[in-house]
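Data file: protein-v6.pdb. Format and content: PDB, C-alpha atoms.
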ATOM      1  CA  MET A 287     -45.460 154.462 -67.056
ATOM      2  CA  THR A 288     -44.071 153.223 -70.276
ATOM      3  CA  GLU A 289     -46.022 154.360 -73.290
ATOM      4  CA  THR A 290     -47.103 151.541 -75.584
ATOM      5  CA  VAL A 291     -45.980 152.078 -79.149
ATOM      6  CA  PRO A 292     -48.679 150.973 -81.592
ATOM      7  CA  ALA A 293     -47.675 148.174 -83.934
ATOM      8  CA  ALA A 294     -46.774 149.244 -87.409
ATOM      9  CA  PRO A 295     -49.599 148.584 -89.837
ATOM     10  CA  ARG A 296     -49.195 145.434 -91.781
ATOM     11  CA  ALA A 297     -48.048 145.766 -95.358
ATOM     12  CA  SER A 298     -50.897 145.534 -97.801
ATOM     13  CA  HIS A 299     -51.699 142.229 -99.460
ATOM     14  CA  TRP A 300     -50.463 143.578-102.804
ATOM     15  CA  ARG A 301     -47.079 144.634-101.398
ATOM     16  CA  ARG A 302     -46.528 141.319 -99.704
ATOM     17  CA  TYR A 303     -47.253 139.238-102.825
ATOM     18  CA  ARG A 304     -46.277 141.726-105.515
ATOM     19  CA  MET A 305     -43.274 139.755-106.763
ATOM     20  CA  LEU A 306     -45.236 136.501-106.815
ATOM     21  CA  TYR A 307     -47.985 138.066-108.934
ATOM     22  CA  LEU A 308     -45.446 139.552-111.327
ATOM     23  CA  LEU A 309     -43.709 136.198-111.685
ATOM     24  CA  LEU A 310     -47.014 134.457-112.436
ATOM     25  CA  ALA A 311     -47.884 137.088-115.027
ATOM     26  CA  VAL A 312     -44.556 136.619-116.793
ATOM     27  CA  CYS A 313     -45.074 132.851-116.916
ATOM     28  CA  VAL A 314     -48.709 132.917-118.025
ATOM     29  CA  ALA A 315     -48.474 135.684-120.648
ATOM     30  CA  PRO A 316     -46.798 133.567-123.387
ATOM     31  CA  VAL A 317     -49.414 130.831-122.960
ATOM     32  CA  ILE A 318     -52.266 133.309-123.296
ATOM     33  CA  ALA A 319     -50.594 134.896-126.305
ATOM     34  CA  SER A 320     -50.129 131.563-128.086
ATOM     35  CA  TYR A 321     -53.766 130.560-127.532
ATOM     36  CA  THR A 322     -54.933 133.969-128.745
ATOM     37  CA  ALA A 323     -52.803 133.735-131.874
ATOM     38  CA  TYR A 324     -53.970 130.213-132.671
ATOM     39  CA  TYR A 325     -57.680 130.575-132.039
ATOM     40  CA  LEU A 326     -58.403 134.244-132.778
ATOM     41  CA  LEU A 327     -55.923 135.280-135.459
ATOM     42  CA  PRO A 328     -55.886 133.901-139.012
ATOM     43  CA  PRO A 329     -53.224 131.213-139.549
ATOM     44  CA  SER A 330     -51.547 133.081-142.429
ATOM     45  CA  GLY A 331     -48.083 132.031-141.310
ATOM     46  CA  ARG A 332     -48.623 128.319-141.889
ATOM     47  CA  THR A 333     -46.461 126.849-144.600
ATOM     48  CA  ASN A 334     -47.666 123.257-144.594
ATOM     49  CA  TYR A 335     -48.277 121.540-147.928
ATOM     50  CA  GLY A 336     -50.994 119.205-146.737
ATOM     51  CA  VAL A 337     -54.375 120.440-145.533
ATOM     52  CA  LEU A 338     -54.674 120.529-141.738
ATOM     53  CA  ILE A 339     -57.778 118.793-140.402
ATOM     54  CA  GLU A 340     -59.421 121.244-137.999
ATOM     55  CA  PRO A 341     -60.612 120.360-135.538
ATOM     56  CA  GLN A 342     -58.532 117.213-135.291
ATOM     57  CA  ARG A 343     -60.643 114.080-134.989
ATOM     58  CA  PRO A 344     -59.687 110.973-132.998
ATOM     59  CA  LEU A 345     -59.317 107.585-134.632
ATOM     60  CA  PRO A 346     -62.621 105.750-134.030
ATOM     61  CA  ALA A 347     -63.054 102.061-133.295
ATOM     62  CA  LEU A 348     -62.864 101.005-136.933
ATOM     63  CA  THR A 349     -63.613  97.388-137.822
ATOM     64  CA  LEU A 350     -60.185  96.247-139.048
ATOM     65  CA  ARG A 351     -58.893  92.835-140.176
ATOM     66  CA  ARG A 352     -55.517  91.567-141.260
ATOM     67  CA  LEU A 353     -55.287  89.777-144.592
ATOM     68  CA  ASP A 354     -55.588  86.458-142.748
ATOM     69  CA  GLY A 355     -58.929  87.590-141.310
ATOM     70  CA  SER A 356     -57.795  88.186-137.724
ATOM     71  CA  ALA A 357     -59.183  91.279-136.020
ATOM     72  CA  VAL A 358     -57.089  94.337-135.232
ATOM     73  CA  GLN A 359     -58.043  96.935-132.648
ATOM     74  CA  ALA A 360     -57.797 100.453-134.063
ATOM     75  CA  ALA A 361     -56.359 101.645-130.736
ATOM     76  CA  SER A 362     -53.337  99.376-131.281
ATOM     77  CA  LEU A 363     -52.239 101.638-134.144
ATOM     78  CA  ARG A 364     -51.504 104.490-131.765
ATOM     79  CA  GLY A 365     -47.933 105.278-130.836
ATOM     80  CA  SER A 366     -46.596 105.950-134.339
ATOM     81  CA  TRP A 367     -47.185 108.529-137.035
ATOM     82  CA  LEU A 368     -49.454 106.841-139.570
ATOM     83  CA  MET A 369     -49.443 107.577-143.296
ATOM     84  CA  VAL A 370     -52.727 106.151-144.530
ATOM     85  CA  GLN A 371     -54.157 105.432-147.958
ATOM     86  CA  VAL A 372     -57.548 103.975-148.843
ATOM     87  CA  ASP A 373     -57.975 101.718-151.877
ATOM     88  CA  SER A 374     -59.356  98.548-153.379
ATOM     89  CA  GLY A 375     -57.348  95.378-152.986
ATOM     90  CA  ALA A 376     -57.108  95.269-156.786
ATOM     91  CA  CYS A 377     -54.783  98.314-156.509
ATOM     92  CA  ASP A 378     -54.578 100.105-159.838
ATOM     93  CA  ALA A 379     -51.673 102.316-160.970
ATOM     94  CA  ALA A 380     -52.792 105.263-158.802
ATOM     95  CA  CYS A 381     -52.941 102.986-155.747
ATOM     96  CA  ALA A 382     -49.467 101.600-156.417
ATOM     97  CA  LYS A 383     -48.150 105.138-156.846
ATOM     98  CA  LYS A 384     -49.368 106.065-153.364
ATOM     99  CA  LEU A 385     -47.766 102.959-151.889
ATOM    100  CA  TRP A 386     -44.508 104.061-153.506
ATOM    101  CA  GLN A 387     -44.916 107.644-152.241
ATOM    102  CA  MET A 388     -45.495 106.519-148.661
ATOM    103  CA  ARG A 389     -42.482 104.213-148.782
ATOM    104  CA  GLN A 390     -40.184 106.879-150.217
ATOM    105  CA  VAL A 391     -41.337 109.646-147.886
ATOM    106  CA  ARG A 392     -40.840 107.404-144.865
ATOM    107  CA  LEU A 393     -37.326 106.499-146.016
ATOM    108  CA  THR A 394     -36.362 110.168-146.384
ATOM    109  CA  THR A 395     -36.993 110.772-142.673
ATOM    110  CA  GLY A 396     -33.749 108.896-141.953
ATOM    111  CA  LYS A 397     -33.274 108.053-138.294
ATOM    112  CA  ASP A 398     -36.921 108.929-137.619
ATOM    113  CA  ALA A 399     -38.245 106.332-140.072
ATOM    114  CA  ASP A 400     -39.078 103.945-137.230
ATOM    115  CA  ARG A 401     -41.522 106.539-135.895
ATOM    116  CA  VAL A 402     -43.601 106.327-139.083
ATOM    117  CA  GLN A 403     -45.922 103.464-140.101
ATOM    118  CA  ARG A 404     -47.484 103.019-143.555
ATOM    119  CA  VAL A 405     -51.106 101.821-143.516
ATOM    120  CA  TRP A 406     -53.215 100.652-146.447
ATOM    121  CA  LEU A 407     -56.936 100.459-145.651
ATOM    122  CA  ILE A 408     -58.504  98.021-148.122
ATOM    123  CA  VAL A 409     -62.229  98.666-148.422
ATOM    124  CA  ASP A 410     -63.245  95.555-150.362
ATOM    125  CA  GLU A 411     -62.501  91.835-150.469
ATOM    126  CA  ALA A 412     -60.370  91.869-153.640
ATOM    127  CA  PRO A 413     -57.199  89.772-153.251
ATOM    128  CA  LEU A 414     -53.813  91.483-153.193
ATOM    129  CA  ALA A 415     -51.204  90.642-155.814
ATOM    130  CA  THR A 416     -48.240  88.788-154.321
ATOM    131  CA  SER A 417     -45.840  90.958-156.305
ATOM    132  CA  LEU A 418     -47.357  94.098-154.801
ATOM    133  CA  MET A 419     -47.107  92.750-151.257
ATOM    134  CA  ARG A 420     -43.470  91.857-151.860
ATOM    135  CA  GLU A 421     -42.669  95.243-153.427
ATOM    136  CA  TYR A 422     -44.149  97.200-150.507
ATOM    137  CA  ASP A 423     -43.276  94.867-147.677
ATOM    138  CA  GLY A 424     -43.622  96.689-144.362
ATOM    139  CA  THR A 425     -46.885  98.379-145.292
ATOM    140  CA  LEU A 426     -49.604  97.406-142.806
ATOM    141  CA  SER A 427     -52.431  96.159-145.035
ATOM    142  CA  LEU A 428     -55.781  96.066-143.250
ATOM    143  CA  ARG A 429     -59.267  95.424-144.550
ATOM    144  CA  ALA A 430     -61.787  97.999-143.354
ATOM    145  CA  ARG A 431     -65.441  98.834-143.818
ATOM    146  CA  ALA A 432     -65.903 101.494-146.491
ATOM    147  CA  ASP A 433     -68.744 103.226-144.620
ATOM    148  CA  GLU A 434     -66.729 103.554-141.392
ATOM    149  CA  VAL A 435     -63.687 104.886-143.227
ATOM    150  CA  ALA A 436     -65.789 107.375-145.181
ATOM    151  CA  ALA A 437     -67.342 108.678-141.958
ATOM    152  CA  PHE A 438     -63.877 109.209-140.440
ATOM    153  CA  LEU A 439     -61.919 110.769-143.322
ATOM    154  CA  PRO A 440     -63.152 114.197-144.503
ATOM    155  CA  LEU A 441     -62.847 114.738-148.248
ATOM    156  CA  PRO A 442     -62.170 118.132-149.831
ATOM    157  CA  ALA A 443     -65.226 120.018-151.069
ATOM    158  CA  GLU A 444     -64.442 119.302-154.692
ATOM    159  CA  PRO A 445     -66.607 117.619-157.336
ATOM    160  CA  GLY A 446     -65.603 114.004-157.821
ATOM    161  CA  ALA A 447     -63.319 113.812-154.740
ATOM    162  CA  ARG A 448     -62.736 110.200-153.659
ATOM    163  CA  LEU A 449     -61.338 108.504-150.570
ATOM    164  CA  ALA A 450     -58.796 106.834-152.833
ATOM    165  CA  ASP A 451     -57.288 110.193-153.869
ATOM    166  CA  PRO A 452     -55.438 111.600-150.790
ATOM    167  CA  ILE A 453     -52.819 110.266-148.413
ATOM    168  CA  TRP A 454     -53.691 110.989-144.793
ATOM    169  CA  LEU A 455     -51.579 111.530-141.667
ATOM    170  CA  ILE A 456     -52.592 110.453-138.157
ATOM    171  CA  ASP A 457     -50.524 111.481-135.137
ATOM    172  CA  PRO A 458     -49.279 109.055-132.434
ATOM    173  CA  LEU A 459     -52.215 109.937-130.167
ATOM    174  CA  GLY A 460     -54.626 108.735-132.838
ATOM    175  CA  ASN A 461     -55.729 112.154-134.113
ATOM    176  CA  LEU A 462     -56.309 112.653-137.833
ATOM    177  CA  MET A 463     -54.426 115.851-138.568
ATOM    178  CA  LEU A 464     -53.355 116.184-142.214
ATOM    179  CA  ARG A 465     -54.541 115.360-145.735
ATOM    180  CA  TRP A 466     -52.164 115.405-148.684
ATOM    181  CA  PRO A 467     -53.750 115.960-152.110
ATOM    182  CA  LYS A 468     -54.185 113.618-155.032
ATOM    183  CA  ASP A 469     -50.891 113.070-156.887
ATOM    184  CA  ALA A 470     -49.017 114.650-153.971
ATOM    185  CA  ASP A 471     -45.425 115.827-154.350
ATOM    186  CA  PRO A 472     -43.277 113.481-152.203
ATOM    187  CA  SER A 473     -40.650 116.165-151.550
ATOM    188  CA  ARG A 474     -43.280 118.487-150.096
ATOM    189  CA  MET A 475     -44.866 115.644-148.132
ATOM    190  CA  LYS A 476     -41.425 114.980-146.680
ATOM    191  CA  LYS A 477     -41.086 118.594-145.513
ATOM    192  CA  ASP A 478     -44.432 118.445-143.708
ATOM    193  CA  LEU A 479     -43.601 115.161-142.037
ATOM    194  CA  ILE A 480     -40.078 116.122-140.966
ATOM    195  CA  LYS A 481     -41.354 119.359-139.414
ATOM    196  CA  LEU A 482     -43.946 117.431-137.430
ATOM    197  CA  LEU A 483     -41.471 114.787-136.304
ATOM    198  CA  LYS A 484     -39.023 117.468-135.224
ATOM    199  CA  ALA A 485     -41.632 119.436-133.286
ATOM    200  CA  SER A 486     -43.239 116.401-131.658
ATOM    201  CA  GLY A 487     -42.007 114.792-128.486
ATOM    202  CA  ILE A 488     -44.257 111.776-128.981
ATOM    203  CA  GLY A 489     -44.212 108.865-131.376
TER     204      GLY A 489
END
Render the structure in this file as structure tokens.
Amino acid sequence: MTETVPAAPRASHWRRYRMLYLLLAVCVAPVIASYTAYYLLPPSGRTNYGVLIEPQRPLPALTLRRLDGSAVQAASLRGSWLMVQVDSGACDAACAKKLWQMRQVRLTTGKDADRVQRVWLIVDEAPLATSLMREYDGTLSLRARADEVAAFLPLPAEPGARLADPIWLIDPLGNLMLRWPKDADPSRMKKDLIKLLKASGIG
């Protein structure tokens, strides 16, 4: 009679899938590390000039109108990096300076300039000077409600801070992400913007 040889015990579950588990661990570890560094460790390594808006806030359904009175959907602004300023249509010297800064910073991005749109949110009904419109042709001038804009754009906790002081940056997904200070340095604004354009695969 032939003796039946018992079947060899099956390899343990760990042995069978050991390499798969190790491969998964190698792939997942960098993701876990990056989330830990971002959310749990202080962001001391950041070198941005503008103030990051944290958490980022999405562009709401602002009531926007072109200068001819036609409505504009806020969602239609998505798809480009938006440099935004808020001012009266009367546009004093400080307002004109920001228009100039946005134009110059956009130009310095070179081949990426088409990815950047300049937006002027006008929070009153004052008429715009024809000379100003000609000088800064290409700026998207939109009338907006002051209360809606104020609810969307967070000001620094400084006495006397005004919506008309900063220049803001909104990403192509419609998230407000950066605030440059009053009388911002265009060369430092440029560095922030170029770093973002280089790192981003959108817009």
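Rounded to one decimal, atom CA of Pro472 of chain A and atom CA of Gly460 of chain A lie 22.9 Å from each other.
Restricting the calculation to all atoms listed in the file, the smallest distance between Ser356 of chain A and any of A:Arg429, A:Lys383, A:Arg465, A:Gln342 is found for A:Arg429.
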Output, as lines of an AutoDock Vina configuration file, the centre and edge lengths in Å (one decimal) of the axis-aligned box that contains all listed atoms of segment 463-473 of chain A with 8 Å of margin on each side.
center_x = -47.6
center_y = 114.6
center_z = -147.7
size_x = 29.9
size_y = 19.1
size_z = 34.3
Between A:Asp410, A:Asp423, A:Glu340, A:Asp457, single out the one closest to Ile488 of chain A, counting all atoms listed in the file.
A:Asp457
If the PyMOL selection byres ((chain A and resi 422) around 12) were run on this exact file, what residues would it hold? Put them as a PyMOL selection string.
chain A and resi 381-390+404-406+414-421+423-427
What would the file look like if the residues just selected were written as an mmCIF file, in the coordinates of the input with C-alpha atoms?
data_model
loop_
_atom_site.group_PDB
_atom_site.id
_atom_site.type_symbol
_atom_site.label_atom_id
_atom_site.label_comp_id
_atom_site.auth_asym_id
_atom_site.auth_seq_id
_atom_site.Cartn_x
_atom_site.Cartn_y
_atom_site.Cartn_z
ATOM 1 C CA CYS A 381 -52.941 102.986 -155.747
ATOM 2 C CA ALA A 382 -49.467 101.600 -156.417
ATOM 3 C CA LYS A 383 -48.150 105.138 -156.846
ATOM 4 C CA LYS A 384 -49.368 106.065 -153.364
ATOM 5 C CA LEU A 385 -47.766 102.959 -151.889
ATOM 6 C CA TRP A 386 -44.508 104.061 -153.506
ATOM 7 C CA GLN A 387 -44.916 107.644 -152.241
ATOM 8 C CA MET A 388 -45.495 106.519 -148.661
ATOM 9 C CA ARG A 389 -42.482 104.213 -148.782
ATOM 10 C CA GLN A 390 -40.184 106.879 -150.217
ATOM 11 C CA ARG A 404 -47.484 103.019 -143.555
ATOM 12 C CA VAL A 405 -51.106 101.821 -143.516
ATOM 13 C CA TRP A 406 -53.215 100.652 -146.447
ATOM 14 C CA LEU A 414 -53.813 91.483 -153.193
ATOM 15 C CA ALA A 415 -51.204 90.642 -155.814
ATOM 16 C CA THR A 416 -48.240 88.788 -154.321
ATOM 17 C CA SER A 417 -45.840 90.958 -156.305
ATOM 18 C CA LEU A 418 -47.357 94.098 -154.801
ATOM 19 C CA MET A 419 -47.107 92.750 -151.257
ATOM 20 C CA ARG A 420 -43.470 91.857 -151.860
ATOM 21 C CA GLU A 421 -42.669 95.243 -153.427
ATOM 22 C CA ASP A 423 -43.276 94.867 -147.677
ATOM 23 C CA GLY A 424 -43.622 96.689 -144.362
ATOM 24 C CA THR A 425 -46.885 98.379 -145.292
ATOM 25 C CA LEU A 426 -49.604 97.406 -142.806
ATOM 26 C CA SER A 427 -52.431 96.159 -145.035
#
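Shortest atom-to-atom contact with Asp378 of chain A among A:Leu348, A:Leu439, A:Ala447, A:Ala412: A:Ala412, counting all atoms listed in the file.
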